[in-house]
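Visitor: Pasting start_4.pdb here (PDB, N, CA, C and O atoms):
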```
ATOM      1  N   MET A  22      -5.365  37.574  43.308
ATOM      2  CA  MET A  22      -6.413  36.594  43.507
ATOM      3  C   MET A  22      -7.559  36.881  42.544
ATOM      4  O   MET A  22      -7.872  38.030  42.277
ATOM      5  N   THR A  23      -8.180  35.849  42.091
ATOM      6  CA  THR A  23      -9.368  36.014  41.252
ATOM      7  C   THR A  23     -10.567  36.290  42.154
ATOM      8  O   THR A  23     -10.499  36.112  43.376
ATOM      9  N   ARG A  24     -11.668  36.701  41.548
ATOM     10  CA  ARG A  24     -12.885  36.945  42.331
ATOM     11  C   ARG A  24     -13.315  35.681  43.072
ATOM     12  O   ARG A  24     -13.684  35.733  44.251
ATOM     13  N   ALA A  25     -13.265  34.542  42.402
ATOM     14  CA  ALA A  25     -13.661  33.280  43.037
ATOM     15  C   ALA A  25     -12.748  32.948  44.213
ATOM     16  O   ALA A  25     -13.211  32.486  45.269
ATOM     17  N   GLU A  26     -11.452  33.199  44.060
ATOM     18  CA  GLU A  26     -10.505  32.950  45.153
ATOM     19  C   GLU A  26     -10.775  33.881  46.344
ATOM     20  O   GLU A  26     -10.658  33.465  47.495
ATOM     21  N   ILE A  27     -11.135  35.115  46.060
ATOM     22  CA  ILE A  27     -11.452  36.067  47.127
ATOM     23  C   ILE A  27     -12.699  35.611  47.881
ATOM     24  O   ILE A  27     -12.722  35.599  49.113
ATOM     25  N   VAL A  28     -13.737  35.211  47.134
ATOM     26  CA  VAL A  28     -14.968  34.713  47.769
ATOM     27  C   VAL A  28     -14.643  33.512  48.645
ATOM     28  O   VAL A  28     -15.058  33.446  49.816
ATOM     29  N   GLU A  29     -13.890  32.566  48.121
ATOM     30  CA  GLU A  29     -13.544  31.357  48.866
ATOM     31  C   GLU A  29     -12.750  31.699  50.130
ATOM     32  O   GLU A  29     -13.022  31.159  51.206
ATOM     33  N   ALA A  30     -11.786  32.597  50.015
ATOM     34  CA  ALA A  30     -10.966  32.980  51.171
ATOM     35  C   ALA A  30     -11.807  33.670  52.248
ATOM     36  O   ALA A  30     -11.657  33.376  53.436
ATOM     37  N   LEU A  31     -12.690  34.570  51.832
ATOM     38  CA  LEU A  31     -13.544  35.251  52.800
ATOM     39  C   LEU A  31     -14.462  34.266  53.514
ATOM     40  O   LEU A  31     -14.571  34.279  54.744
ATOM     41  N   GLU A  32     -15.125  33.422  52.747
ATOM     42  CA  GLU A  32     -16.071  32.477  53.340
ATOM     43  C   GLU A  32     -15.369  31.434  54.213
ATOM     44  O   GLU A  32     -15.923  30.990  55.214
ATOM     45  N   SER A  33     -14.126  31.079  53.893
ATOM     46  CA  SER A  33     -13.386  30.126  54.730
ATOM     47  C   SER A  33     -13.037  30.735  56.090
ATOM     48  O   SER A  33     -12.797  30.008  57.048
ATOM     49  N   LYS A  34     -13.040  32.051  56.152
ATOM     50  CA  LYS A  34     -12.788  32.751  57.411
ATOM     51  C   LYS A  34     -14.076  33.149  58.115
ATOM     52  O   LYS A  34     -14.066  33.892  59.082
ATOM     53  N   GLY A  35     -15.218  32.676  57.582
ATOM     54  CA  GLY A  35     -16.501  32.967  58.203
ATOM     55  C   GLY A  35     -17.079  34.318  57.841
ATOM     56  O   GLY A  35     -17.993  34.801  58.493
ATOM     57  N   ILE A  36     -16.549  34.931  56.787
ATOM     58  CA  ILE A  36     -17.051  36.231  56.336
ATOM     59  C   ILE A  36     -17.999  35.992  55.171
ATOM     60  O   ILE A  36     -17.566  35.599  54.086
ATOM     61  N   PRO A  37     -19.303  36.202  55.383
ATOM     62  CA  PRO A  37     -20.255  35.938  54.302
ATOM     63  C   PRO A  37     -20.157  36.994  53.199
ATOM     64  O   PRO A  37     -19.862  38.155  53.452
ATOM     65  N   VAL A  38     -20.381  36.558  51.985
ATOM     66  CA  VAL A  38     -20.417  37.454  50.833
ATOM     67  C   VAL A  38     -21.859  37.493  50.345
ATOM     68  O   VAL A  38     -22.419  36.454  49.982
ATOM     69  N   ALA A  39     -22.448  38.670  50.374
ATOM     70  CA  ALA A  39     -23.851  38.824  49.977
ATOM     71  C   ALA A  39     -23.977  38.882  48.457
ATOM     72  O   ALA A  39     -23.032  39.242  47.749
ATOM     73  N   GLY A  40     -25.159  38.522  47.975
ATOM     74  CA  GLY A  40     -25.446  38.636  46.557
ATOM     75  C   GLY A  40     -25.778  37.294  45.938
ATOM     76  O   GLY A  40     -25.315  36.248  46.406
ATOM     77  N   VAL A  41     -26.570  37.342  44.886
ATOM     78  CA  VAL A  41     -26.932  36.127  44.157
ATOM     79  C   VAL A  41     -25.692  35.568  43.457
ATOM     80  O   VAL A  41     -25.396  34.387  43.516
ATOM     81  N   ASP A  42     -24.933  36.455  42.807
ATOM     82  CA  ASP A  42     -23.686  36.075  42.139
ATOM     83  C   ASP A  42     -22.543  36.668  42.963
ATOM     84  O   ASP A  42     -22.187  37.830  42.814
ATOM     85  N   LYS A  43     -21.981  35.857  43.841
ATOM     86  CA  LYS A  43     -20.958  36.329  44.782
ATOM     87  C   LYS A  43     -19.711  36.837  44.068
ATOM     88  O   LYS A  43     -19.105  37.820  44.483
ATOM     89  N   ASN A  44     -19.324  36.167  42.987
ATOM     90  CA  ASN A  44     -18.150  36.616  42.229
ATOM     91  C   ASN A  44     -18.377  38.004  41.647
ATOM     92  O   ASN A  44     -17.472  38.846  41.648
ATOM     93  N   LYS A  45     -19.572  38.240  41.145
ATOM     94  CA  LYS A  45     -19.889  39.551  40.575
ATOM     95  C   LYS A  45     -19.916  40.614  41.681
ATOM     96  O   LYS A  45     -19.441  41.733  41.481
ATOM     97  N   ALA A  46     -20.441  40.246  42.856
ATOM     98  CA  ALA A  46     -20.473  41.183  43.975
ATOM     99  C   ALA A  46     -19.052  41.588  44.376
ATOM    100  O   ALA A  46     -18.773  42.770  44.598
ATOM    101  N   ILE A  47     -18.148  40.611  44.441
ATOM    102  CA  ILE A  47     -16.747  40.910  44.769
ATOM    103  C   ILE A  47     -16.126  41.771  43.677
ATOM    104  O   ILE A  47     -15.373  42.703  43.955
ATOM    105  N   GLY A  48     -16.447  41.495  42.422
ATOM    106  CA  GLY A  48     -15.939  42.325  41.317
ATOM    107  C   GLY A  48     -16.356  43.774  41.463
ATOM    108  O   GLY A  48     -15.560  44.689  41.240
ATOM    109  N   THR A  49     -17.601  44.000  41.877
ATOM    110  CA  THR A  49     -18.093  45.363  42.082
ATOM    111  C   THR A  49     -17.354  46.028  43.237
ATOM    112  O   THR A  49     -16.945  47.187  43.146
ATOM    113  N   ILE A  50     -17.176  45.286  44.318
ATOM    114  CA  ILE A  50     -16.457  45.829  45.480
ATOM    115  C   ILE A  50     -15.028  46.195  45.095
ATOM    116  O   ILE A  50     -14.532  47.271  45.434
ATOM    117  N   MET A  51     -14.365  45.310  44.377
ATOM    118  CA  MET A  51     -12.980  45.573  43.980
ATOM    119  C   MET A  51     -12.896  46.751  43.007
ATOM    120  O   MET A  51     -11.953  47.535  43.059
ATOM    121  N   TRP A  52     -13.878  46.876  42.127
ATOM    122  CA  TRP A  52     -13.901  48.015  41.204
ATOM    123  C   TRP A  52     -14.024  49.320  41.995
ATOM    124  O   TRP A  52     -13.370  50.310  41.675
ATOM    125  N   ARG A  53     -14.850  49.304  43.028
ATOM    126  CA  ARG A  53     -15.010  50.496  43.864
ATOM    127  C   ARG A  53     -13.741  50.801  44.659
ATOM    128  O   ARG A  53     -13.541  51.934  45.082
ATOM    129  N   MET A  54     -12.904  49.803  44.862
ATOM    130  CA  MET A  54     -11.658  49.978  45.605
ATOM    131  C   MET A  54     -10.462  50.076  44.659
ATOM    132  O   MET A  54      -9.336  49.757  45.025
ATOM    133  N   ARG A  55     -10.707  50.554  43.447
ATOM    134  CA  ARG A  55      -9.648  50.590  42.438
ATOM    135  C   ARG A  55      -8.514  51.543  42.791
ATOM    136  O   ARG A  55      -7.474  51.528  42.146
ATOM    137  N   ASP A  56      -8.701  52.358  43.841
ATOM    138  CA  ASP A  56      -7.590  53.178  44.309
ATOM    139  C   ASP A  56      -6.637  52.358  45.184
ATOM    140  O   ASP A  56      -5.561  52.827  45.526
ATOM    141  N   GLN A  57      -7.018  51.105  45.502
ATOM    142  CA  GLN A  57      -6.185  50.246  46.335
ATOM    143  C   GLN A  57      -5.753  48.952  45.639
ATOM    144  O   GLN A  57      -4.791  48.316  46.054
ATOM    145  N   PHE A  58      -6.491  48.556  44.591
ATOM    146  CA  PHE A  58      -6.206  47.306  43.899
ATOM    147  C   PHE A  58      -6.223  47.505  42.395
ATOM    148  O   PHE A  58      -6.933  48.366  41.885
ATOM    149  N   VAL A  59      -5.436  46.688  41.692
ATOM    150  CA  VAL A  59      -5.471  46.665  40.231
ATOM    151  C   VAL A  59      -5.940  45.280  39.808
ATOM    152  O   VAL A  59      -5.721  44.295  40.517
ATOM    153  N   ASN A  60      -6.584  45.219  38.663
ATOM    154  CA  ASN A  60      -6.989  43.942  38.104
ATOM    155  C   ASN A  60      -5.990  43.585  37.014
ATOM    156  O   ASN A  60      -5.916  44.259  35.987
ATOM    157  N   LEU A  61      -5.213  42.552  37.253
ATOM    158  CA  LEU A  61      -4.197  42.120  36.304
ATOM    159  C   LEU A  61      -4.785  40.982  35.465
ATOM    160  O   LEU A  61      -5.046  39.898  35.987
ATOM    161  N   PRO A  62      -5.039  41.235  34.176
ATOM    162  CA  PRO A  62      -5.652  40.219  33.319
ATOM    163  C   PRO A  62      -4.906  38.885  33.401
ATOM    164  O   PRO A  62      -3.688  38.824  33.274
ATOM    165  N   GLY A  63      -5.671  37.837  33.656
ATOM    166  CA  GLY A  63      -5.102  36.507  33.775
ATOM    167  C   GLY A  63      -4.572  36.165  35.159
ATOM    168  O   GLY A  63      -4.231  35.024  35.433
ATOM    169  N   TRP A  64      -4.489  37.159  36.035
ATOM    170  CA  TRP A  64      -3.941  36.950  37.375
ATOM    171  C   TRP A  64      -4.948  37.263  38.481
ATOM    172  O   TRP A  64      -4.885  36.699  39.547
ATOM    173  N   GLY A  65      -5.807  38.221  38.260
ATOM    174  CA  GLY A  65      -6.759  38.622  39.292
ATOM    175  C   GLY A  65      -6.387  39.970  39.892
ATOM    176  O   GLY A  65      -5.726  40.785  39.253
ATOM    177  N   TYR A  66      -6.805  40.174  41.126
ATOM    178  CA  TYR A  66      -6.608  41.456  41.804
ATOM    179  C   TYR A  66      -5.328  41.434  42.623
ATOM    180  O   TYR A  66      -4.935  40.410  43.173
ATOM    181  N   TRP A  67      -4.700  42.614  42.689
ATOM    182  CA  TRP A  67      -3.427  42.745  43.378
ATOM    183  C   TRP A  67      -3.357  44.135  43.994
ATOM    184  O   TRP A  67      -3.851  45.098  43.402
ATOM    185  N   PRO A  68      -2.727  44.291  45.179
ATOM    186  CA  PRO A  68      -2.568  45.639  45.754
ATOM    187  C   PRO A  68      -1.804  46.535  44.779
ATOM    188  O   PRO A  68      -0.753  46.151  44.273
ATOM    189  N   TRP A  69      -2.336  47.708  44.504
ATOM    190  CA  TRP A  69      -1.751  48.584  43.477
ATOM    191  C   TRP A  69      -0.346  49.042  43.825
ATOM    192  O   TRP A  69       0.437  49.367  42.942
ATOM    193  N   ASP A  70       0.010  49.052  45.122
ATOM    194  CA  ASP A  70       1.304  49.595  45.520
ATOM    195  C   ASP A  70       2.380  48.528  45.740
ATOM    196  O   ASP A  70       3.432  48.821  46.281
ATOM    197  N   GLU A  71       2.121  47.293  45.288
ATOM    198  CA  GLU A  71       3.107  46.217  45.408
ATOM    199  C   GLU A  71       3.435  45.658  44.026
ATOM    200  O   GLU A  71       2.542  45.387  43.236
ATOM    201  N   ASP A  72       4.729  45.479  43.761
ATOM    202  CA  ASP A  72       5.150  44.865  42.503
ATOM    203  C   ASP A  72       4.687  43.412  42.445
ATOM    204  O   ASP A  72       4.587  42.741  43.474
ATOM    205  N   PHE A  73       4.404  42.932  41.247
ATOM    206  CA  PHE A  73       4.093  41.512  41.024
ATOM    207  C   PHE A  73       4.848  41.113  39.763
ATOM    208  O   PHE A  73       4.344  41.219  38.647
ATOM    209  N   GLU A  74       6.082  40.689  39.974
ATOM    210  CA  GLU A  74       6.990  40.421  38.859
ATOM    211  C   GLU A  74       6.472  39.357  37.895
ATOM    212  O   GLU A  74       6.616  39.508  36.687
ATOM    213  N   ARG A  75       5.896  38.274  38.419
ATOM    214  CA  ARG A  75       5.417  37.195  37.523
ATOM    215  C   ARG A  75       4.374  37.697  36.543
ATOM    216  O   ARG A  75       4.272  37.200  35.430
ATOM    217  N   ALA A  76       3.593  38.695  36.953
ATOM    218  CA  ALA A  76       2.562  39.243  36.072
ATOM    219  C   ALA A  76       3.088  40.432  35.269
ATOM    220  O   ALA A  76       2.372  40.996  34.459
ATOM    221  N   GLY A  77       4.336  40.827  35.524
ATOM    222  CA  GLY A  77       4.902  41.978  34.823
ATOM    223  C   GLY A  77       4.364  43.307  35.337
ATOM    224  O   GLY A  77       4.412  44.309  34.626
ATOM    225  N   TYR A  78       3.875  43.316  36.585
ATOM    226  CA  TYR A  78       3.301  44.554  37.143
ATOM    227  C   TYR A  78       4.331  45.253  38.011
ATOM    228  O   TYR A  78       4.889  44.673  38.934
ATOM    229  N   LYS A  79       4.558  46.517  37.712
ATOM    230  CA  LYS A  79       5.446  47.371  38.501
ATOM    231  C   LYS A  79       4.591  48.448  39.145
ATOM    232  O   LYS A  79       3.912  49.210  38.461
ATOM    233  N   ALA A  80       4.589  48.497  40.473
ATOM    234  CA  ALA A  80       3.782  49.476  41.197
ATOM    235  C   ALA A  80       4.272  50.892  40.904
ATOM    236  O   ALA A  80       5.465  51.103  40.701
ATOM    237  N   PRO A  81       3.341  51.850  40.861
ATOM    238  CA  PRO A  81       3.746  53.242  40.655
ATOM    239  C   PRO A  81       4.672  53.702  41.776
ATOM    240  O   PRO A  81       4.556  53.237  42.909
ATOM    241  N   GLN A  82       5.569  54.594  41.440
ATOM    242  CA  GLN A  82       6.485  55.150  42.432
ATOM    243  C   GLN A  82       5.717  56.026  43.412
ATOM    244  O   GLN A  82       4.859  56.804  43.008
ATOM    245  N   LYS A  83       6.034  55.886  44.675
ATOM    246  CA  LYS A  83       5.430  56.746  45.691
ATOM    247  C   LYS A  83       6.160  58.072  45.694
ATOM    248  O   LYS A  83       7.378  58.124  45.600
ATOM    249  N   GLN A  84       5.417  59.143  45.801
ATOM    250  CA  GLN A  84       6.011  60.477  45.803
ATOM    251  C   GLN A  84       6.109  60.962  47.248
ATOM    252  O   GLN A  84       5.182  61.544  47.783
ATOM    253  N   THR A  85       7.253  60.714  47.863
ATOM    254  CA  THR A  85       7.437  61.113  49.253
ATOM    255  C   THR A  85       8.076  62.488  49.381
ATOM    256  O   THR A  85       8.039  63.087  50.437
ATOM    257  N   ASP A  86       8.671  62.980  48.291
ATOM    258  CA  ASP A  86       9.350  64.271  48.356
ATOM    259  C   ASP A  86       8.482  65.430  47.900
ATOM    260  O   ASP A  86       8.964  66.544  47.779
ATOM    261  N   VAL A  87       7.209  65.183  47.637
ATOM    262  CA  VAL A  87       6.318  66.234  47.178
ATOM    263  C   VAL A  87       5.912  67.081  48.379
ATOM    264  O   VAL A  87       5.475  66.568  49.398
ATOM    265  N   LYS A  88       6.096  68.387  48.250
ATOM    266  CA  LYS A  88       5.723  69.296  49.330
ATOM    267  C   LYS A  88       4.465  70.044  48.938
ATOM    268  O   LYS A  88       4.290  70.420  47.790
ATOM    269  N   GLU A  89       3.591  70.227  49.895
ATOM    270  CA  GLU A  89       2.369  70.977  49.656
ATOM    271  C   GLU A  89       2.700  72.456  49.549
ATOM    272  O   GLU A  89       3.505  72.973  50.329
ATOM    273  N   PRO A  90       2.093  73.161  48.603
ATOM    274  CA  PRO A  90       2.339  74.606  48.501
ATOM    275  C   PRO A  90       1.688  75.305  49.678
ATOM    276  O   PRO A  90       0.702  74.828  50.233
ATOM    277  N   PRO A  91       2.238  76.429  50.099
ATOM    278  CA  PRO A  91       1.600  77.175  51.188
ATOM    279  C   PRO A  91       0.226  77.653  50.744
ATOM    280  O   PRO A  91      -0.009  77.852  49.547
ATOM    281  N   PRO A  92      -0.709  77.832  51.660
ATOM    282  CA  PRO A  92      -2.072  78.236  51.292
ATOM    283  C   PRO A  92      -2.138  79.477  50.421
ATOM    284  O   PRO A  92      -2.974  79.584  49.550
ATOM    285  N   SER A  93      -1.225  80.415  50.613
ATOM    286  CA  SER A  93      -1.279  81.646  49.820
ATOM    287  C   SER A  93      -1.032  81.378  48.342
ATOM    288  O   SER A  93      -1.490  82.122  47.489
ATOM    289  N   ASP A  94      -0.310  80.301  48.025
ATOM    290  CA  ASP A  94      -0.061  79.955  46.627
ATOM    291  C   ASP A  94      -1.309  79.409  45.944
ATOM    292  O   ASP A  94      -1.365  79.324  44.730
ATOM    293  N   LEU A  95      -2.307  79.018  46.725
ATOM    294  CA  LEU A  95      -3.521  78.454  46.154
ATOM    295  C   LEU A  95      -4.522  79.534  45.761
ATOM    296  O   LEU A  95      -5.442  79.272  45.003
ATOM    297  N   ALA A  96      -4.362  80.730  46.299
ATOM    298  CA  ALA A  96      -5.299  81.805  46.014
ATOM    299  C   ALA A  96      -4.941  82.472  44.700
ATOM    300  O   ALA A  96      -3.779  82.570  44.328
ATOM    301  N   PRO A  97      -5.946  82.926  43.958
ATOM    302  CA  PRO A  97      -5.667  83.644  42.714
ATOM    303  C   PRO A  97      -4.908  84.938  42.998
ATOM    304  O   PRO A  97      -5.040  85.506  44.074
ATOM    305  N   PRO A  98      -4.097  85.405  42.062
ATOM    306  CA  PRO A  98      -3.347  86.656  42.262
ATOM    307  C   PRO A  98      -4.277  87.802  42.637
ATOM    308  O   PRO A  98      -5.360  87.960  42.066
ATOM    309  N   GLY A  99      -3.848  88.598  43.609
ATOM    310  CA  GLY A  99      -4.622  89.779  44.013
ATOM    311  C   GLY A  99      -5.711  89.468  45.033
ATOM    312  O   GLY A  99      -6.349  90.367  45.539
ATOM    313  N   SER A 100      -5.953  88.196  45.348
ATOM    314  CA  SER A 100      -7.002  87.895  46.318
ATOM    315  C   SER A 100      -6.394  87.875  47.711
ATOM    316  O   SER A 100      -5.205  87.716  47.897
ATOM    317  N   ASN A 101      -7.251  88.018  48.710
ATOM    318  CA  ASN A 101      -6.802  87.985  50.092
ATOM    319  C   ASN A 101      -7.496  86.814  50.769
ATOM    320  O   ASN A 101      -8.722  86.787  50.861
ATOM    321  N   LEU A 102      -6.735  85.879  51.291
ATOM    322  CA  LEU A 102      -7.314  84.696  51.918
ATOM    323  C   LEU A 102      -8.002  85.009  53.249
ATOM    324  O   LEU A 102      -8.789  84.225  53.735
ATOM    325  N   PHE A 103      -7.718  86.178  53.805
ATOM    326  CA  PHE A 103      -8.234  86.492  55.134
ATOM    327  C   PHE A 103      -9.472  87.390  55.105
ATOM    328  O   PHE A 103      -9.926  87.839  56.124
ATOM    329  N   GLU A 104      -9.993  87.670  53.946
ATOM    330  CA  GLU A 104     -11.194  88.505  53.865
ATOM    331  C   GLU A 104     -12.422  87.675  53.847
ATOM    332  O   GLU A 104     -12.489  86.585  53.395
TER     333      GLU A 104
END
```
Would you write the structure of this file as structure tokens?
Guide:
Amino acid sequence: MTRAEIVEALESKGIPVAGVDKNKAIGTIMWRMRDQFVNLPGWGYWPWDEDFERAGYKAPQKQTDVKEPPPSDLAPPGSNLFE
């Protein structure tokens, strides 16, 4: 969705958008949420974890098999985590 489409959708649901330039305000909000959305030039904003084939966007692969190292592996050699 474009910024204008987002503003229109929010306001149609009774959600006010603050700011003199509502499109710019939404752009700032979306920029701050860039860990959740991508801006696809010519298409607008899209959830970063969903493919959008028409725009040629392929979501990054989720890493479900990554295991956290045990806490002792995080300490520098020779240090004691319990001191």
Visitor: Might you spell out which residues the PyMOL selection byres ((chain A and resi 69) around 4.5) would select in the displayed file, as a PDB file with N, CA, C and O atoms, in the frame of the given file?
Guide:
```pdb
ATOM      1  N   GLN A  57      -7.018  51.105  45.502  1.00  0.00           N
ATOM      2  CA  GLN A  57      -6.185  50.246  46.335  1.00  0.00           C
ATOM      3  C   GLN A  57      -5.753  48.952  45.639  1.00  0.00           C
ATOM      4  O   GLN A  57      -4.791  48.316  46.054  1.00  0.00           O
ATOM      5  N   PHE A  58      -6.491  48.556  44.591  1.00  0.00           N
ATOM      6  CA  PHE A  58      -6.206  47.306  43.899  1.00  0.00           C
ATOM      7  C   PHE A  58      -6.223  47.505  42.395  1.00  0.00           C
ATOM      8  O   PHE A  58      -6.933  48.366  41.885  1.00  0.00           O
ATOM      9  N   VAL A  59      -5.436  46.688  41.692  1.00  0.00           N
ATOM     10  CA  VAL A  59      -5.471  46.665  40.231  1.00  0.00           C
ATOM     11  C   VAL A  59      -5.940  45.280  39.808  1.00  0.00           C
ATOM     12  O   VAL A  59      -5.721  44.295  40.517  1.00  0.00           O
ATOM     13  N   TRP A  67      -4.700  42.614  42.689  1.00  0.00           N
ATOM     14  CA  TRP A  67      -3.427  42.745  43.378  1.00  0.00           C
ATOM     15  C   TRP A  67      -3.357  44.135  43.994  1.00  0.00           C
ATOM     16  O   TRP A  67      -3.851  45.098  43.402  1.00  0.00           O
ATOM     17  N   PRO A  68      -2.727  44.291  45.179  1.00  0.00           N
ATOM     18  CA  PRO A  68      -2.568  45.639  45.754  1.00  0.00           C
ATOM     19  C   PRO A  68      -1.804  46.535  44.779  1.00  0.00           C
ATOM     20  O   PRO A  68      -0.753  46.151  44.273  1.00  0.00           O
ATOM     21  N   ASP A  70       0.010  49.052  45.122  1.00  0.00           N
ATOM     22  CA  ASP A  70       1.304  49.595  45.520  1.00  0.00           C
ATOM     23  C   ASP A  70       2.380  48.528  45.740  1.00  0.00           C
ATOM     24  O   ASP A  70       3.432  48.821  46.281  1.00  0.00           O
ATOM     25  N   GLU A  71       2.121  47.293  45.288  1.00  0.00           N
ATOM     26  CA  GLU A  71       3.107  46.217  45.408  1.00  0.00           C
ATOM     27  C   GLU A  71       3.435  45.658  44.026  1.00  0.00           C
ATOM     28  O   GLU A  71       2.542  45.387  43.236  1.00  0.00           O
ATOM     29  N   ALA A  80       4.589  48.497  40.473  1.00  0.00           N
ATOM     30  CA  ALA A  80       3.782  49.476  41.197  1.00  0.00           C
ATOM     31  C   ALA A  80       4.272  50.892  40.904  1.00  0.00           C
ATOM     32  O   ALA A  80       5.465  51.103  40.701  1.00  0.00           O
ATOM     33  N   PRO A  81       3.341  51.850  40.861  1.00  0.00           N
ATOM     34  CA  PRO A  81       3.746  53.242  40.655  1.00  0.00           C
ATOM     35  C   PRO A  81       4.672  53.702  41.776  1.00  0.00           C
ATOM     36  O   PRO A  81       4.556  53.237  42.909  1.00  0.00           O
TER      37      PRO A  81
END
```
Visitor: Between A:Ile36, A:Ala46, A:Tyr78, A:Lys83, which one has atoms that come closest to Asn60 of chain A, using only C-alpha atoms?
Guide: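 Selected residue with least distance to Asn60 of chain A: A:Tyr78.
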Visitor: Using all atoms listed in the file, which residues sit within 7 Å of segment 23-32 of chain A once same-chain residues fewer than 2 positions away are excluded, as a CSV table (one decimal) with N, CA, C and O atoms, keeping the file's coordinate frame?
Guide:
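Now in part-v7.csv:
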```
chain,number,residue,atom,x,y,z
A,34,LYS,N,-13.0,32.1,56.2
A,34,LYS,CA,-12.8,32.8,57.4
A,34,LYS,C,-14.1,33.1,58.1
A,34,LYS,O,-14.1,33.9,59.1
A,35,GLY,N,-15.2,32.7,57.6
A,35,GLY,CA,-16.5,33.0,58.2
A,35,GLY,C,-17.1,34.3,57.8
A,35,GLY,O,-18.0,34.8,58.5
A,36,ILE,N,-16.5,34.9,56.8
A,36,ILE,CA,-17.1,36.2,56.3
A,36,ILE,C,-18.0,36.0,55.2
A,36,ILE,O,-17.6,35.6,54.1
A,37,PRO,N,-19.3,36.2,55.4
A,37,PRO,CA,-20.3,35.9,54.3
A,37,PRO,C,-20.2,37.0,53.2
A,37,PRO,O,-19.9,38.2,53.5
A,38,VAL,N,-20.4,36.6,52.0
A,38,VAL,CA,-20.4,37.5,50.8
A,38,VAL,C,-21.9,37.5,50.3
A,38,VAL,O,-22.4,36.5,50.0
A,43,LYS,N,-22.0,35.9,43.8
A,43,LYS,CA,-21.0,36.3,44.8
A,43,LYS,C,-19.7,36.8,44.1
A,43,LYS,O,-19.1,37.8,44.5
A,44,ASN,N,-19.3,36.2,43.0
A,44,ASN,CA,-18.2,36.6,42.2
A,44,ASN,C,-18.4,38.0,41.6
A,44,ASN,O,-17.5,38.8,41.6
A,45,LYS,N,-19.6,38.2,41.1
A,45,LYS,CA,-19.9,39.6,40.6
A,45,LYS,C,-19.9,40.6,41.7
A,45,LYS,O,-19.4,41.7,41.5
A,47,ILE,N,-18.1,40.6,44.4
A,47,ILE,CA,-16.7,40.9,44.8
A,47,ILE,C,-16.1,41.8,43.7
A,47,ILE,O,-15.4,42.7,44.0
A,48,GLY,N,-16.4,41.5,42.4
A,48,GLY,CA,-15.9,42.3,41.3
A,48,GLY,C,-16.4,43.8,41.5
A,48,GLY,O,-15.6,44.7,41.2
A,64,TRP,N,-4.5,37.2,36.0
A,64,TRP,CA,-3.9,37.0,37.4
A,64,TRP,C,-4.9,37.3,38.5
A,64,TRP,O,-4.9,36.7,39.5
A,65,GLY,N,-5.8,38.2,38.3
A,65,GLY,CA,-6.8,38.6,39.3
A,65,GLY,C,-6.4,40.0,39.9
A,65,GLY,O,-5.7,40.8,39.3
A,66,TYR,N,-6.8,40.2,41.1
A,66,TYR,CA,-6.6,41.5,41.8
A,66,TYR,C,-5.3,41.4,42.6
A,66,TYR,O,-4.9,40.4,43.2
```
Visitor: Please report the interatomic distance between atom O of Ser33 of chain A and atom CA of Trp52 of chain A in Å with one decimal.
Guide: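 Pair atom O of Ser33 of chain A / atom CA of Trp52 of chain A returns 24.0 Å.
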Visitor: Could you state the separation of atom O of Ile50 of chain A and atom CA of Gly63 of chain A in Å, given to one decimal place?
Guide: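 Separation between atom O of Ile50 of chain A and atom CA of Gly63 of chain A: 18.5 Å.
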Visitor: Can you work out the spacing between atom CA of Gly40 of chain A and atom CA of Asp56 of chain A in Å, to one decimal?
Guide: 23.1 Å
Visitor: With 4 Å added on each side, what axis-aligned box encloses every listed atom of segment 40-54 of chain A? Give the centre and edge lengths in Å to one decimal, as JSON.
Guide:
```
{"center_x": -18.1, "center_y": 43.2, "center_z": 44.3, "size_x": 25.6, "size_y": 25.5, "size_z": 15.4}
```
